[in-house]
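Visitor: Before I ask anything, here is the structure I am working with.
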Amino acid sequence: MRAVASVLVAAVLWGTVGPAQLWAGTGAHPVSLGAARMLLGGTVLAVLMVRPAGLRTLRLPGAPRWVAVSVLVTAAFQVCFLQAVERSGAALATAVAFGTVPVVSGVCGRLLSGERPSRRWAWGTVCAVAGIGLLLLPGGGGRADVLGVVYGMVAGASFGVYIAATKQLGAHGVDLNAAAPVSVLCAGILVSPYLLLAPEGLFTARGFALVGWLGLGTTALGYLLFTRGVGGLSAATVGTLSLTEPLVATVLGVALLGERPGPPAAAGAALLLGGLVAVSVPGRLRRPTETPRPEPVRN
């Protein structure tokens, strides 16, 4: 139950990212906001989690290229997701991003590890494609626009690739408690020049409060809780608990921000979440219809 509670609270924290960005109304550029969040959260995570022995594992054969991939896709996720929220709202952006994740992670698993996609993954992919198609229809209602949906898709694809890169790092013997903070911090450094190009809205009381919540609450604390609980749970259970994230974003978007997606957009978001449920919720256990009889021992 402690493991379940840790992952569940982490998902709730992550679900507040989009609503907090819009509710604060700082006017900060999404790229600058993402850079500030990654620098703060990555620094705190590095101080709390990284050890010299873990850093040495990042130089193991085959590991550096996957570290580089994780840095690039971490930066892409932060930048694209926050821009998707700004254009399409918290509820729709989160639905698009996390409805895309299982599709991309399944493709990466097939290409990199030879994992055979399941029938449920195929249904989830069909739902995701259909849902995104509905969101791209002209006059879909709400705040969704084509570029906002594309940003959400790129964010989801980036997170899917990050999952695959994390698996590859683990397979190469890398200490993931060192790899993840390093990825977040280096991604922040990579995007940090934008802080000089568009600093507006960050250096205000609301800006400091927003960066503090996104960096400390949703990144540092969220990741610490997630890593504390994920080791004691199955992948299916973690996937099911992660459904809390788009649910929280949707509830907060409707209740606090007054988001009201039109019928096509709402149907598209429902299809995306339905596909995510199809992939994540554990299937029923099959009971054997007949107990096999032991064969007689032959001398």
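The chains in the structure tokens are called A, B, ... from first to last as shown; in each chain the residues are counted from 1, and the ligands are counted from 1 in the order shown.
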Show me a table, sorted first by chain and then by increasing residue number, of the residues of segment 135-213 of chain A having an atom at most 10 Å from segment 109-129 of chain A, each with its shortest atom pair and the distance in Å to one decimal, counting only C-alpha atoms and written as a Markdown table.

Guide:
```
| residue | atom | partner | partner_atom | distance |
| --- | --- | --- | --- | --- |
| A:Gly160 | CA | A:Gly109 | CA | 9.7 |
| A:Val161 | CA | A:Gly109 | CA | 9.4 |
| A:Ile163 | CA | A:Gly109 | CA | 9.4 |
| A:Ala164 | CA | A:Gly109 | CA | 6.7 |
| A:Ala165 | CA | A:Leu112 | CA | 9.6 |
| A:Lys167 | CA | A:Gly109 | CA | 9.3 |
| A:Gln168 | CA | A:Leu112 | CA | 8.5 |
```

Visitor: Include C-alpha atoms and write out the residues we just selected as an mmCIF file, in the first residue's frame.

Guide:
```cif
data_model
loop_
_atom_site.group_PDB
_atom_site.id
_atom_site.type_symbol
_atom_site.label_atom_id
_atom_site.label_comp_id
_atom_site.auth_asym_id
_atom_site.auth_seq_id
_atom_site.Cartn_x
_atom_site.Cartn_y
_atom_site.Cartn_z
ATOM 1 C CA GLY A 160 7.626 7.129 -24.916
ATOM 2 C CA VAL A 161 11.188 7.274 -26.231
ATOM 3 C CA ILE A 163 10.814 5.081 -21.334
ATOM 4 C CA ALA A 164 12.630 3.022 -23.971
ATOM 5 C CA ALA A 165 15.920 4.829 -23.294
ATOM 6 C CA LYS A 167 15.055 0.484 -20.219
ATOM 7 C CA GLN A 168 18.178 0.442 -22.372
#
```

Visitor: Write out as a PyMOL selection string the residues lying within 12 Å of Thr57 of chain A, counting only C-alpha atoms and excluding same-chain residues fewer than 2 positions away.

Guide: chain A and resi 50-55+59-64+67+169-179

Visitor: Got a sec: who's within 12 Å of segment 187-191 of chain A, counting only C-alpha atoms, leaving out chain neighbours fewer than 3 positions off, as JSON, numbers by chain?

Guide: {"A": [30, 31, 32, 33, 34, 35, 36, 37, 38, 39, 40, 41, 42, 43, 67, 68, 69, 70, 71, 72, 73, 74, 75, 76, 77, 78, 79, 179, 180, 181, 182, 183, 184, 194, 195, 196, 197, 198, 215]}

Visitor: What's the 8 Å shell around segment 95-103 of chain A, counting only C-alpha atoms, without same-chain residues fewer than 6 positions away, as a list in words?

Guide: Phe81, Trp121, Gly124, Thr125, Ala128, Ile132, Val149, Gly152, Met153, Val154, Ala155, Gly156, Ala157, Phe159, Gly160, Pro246, Ala269, Leu272, Leu273, Gly275, Leu276 and Val279 of chain A

Visitor: What is the distance between atom CA of Trp14 of chain A and atom CA of Leu256 of chain A, in Å to one decimal?

Guide: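 Result for atom CA of Trp14 of chain A versus atom CA of Leu256 of chain A: 16.5 Å, one decimal.
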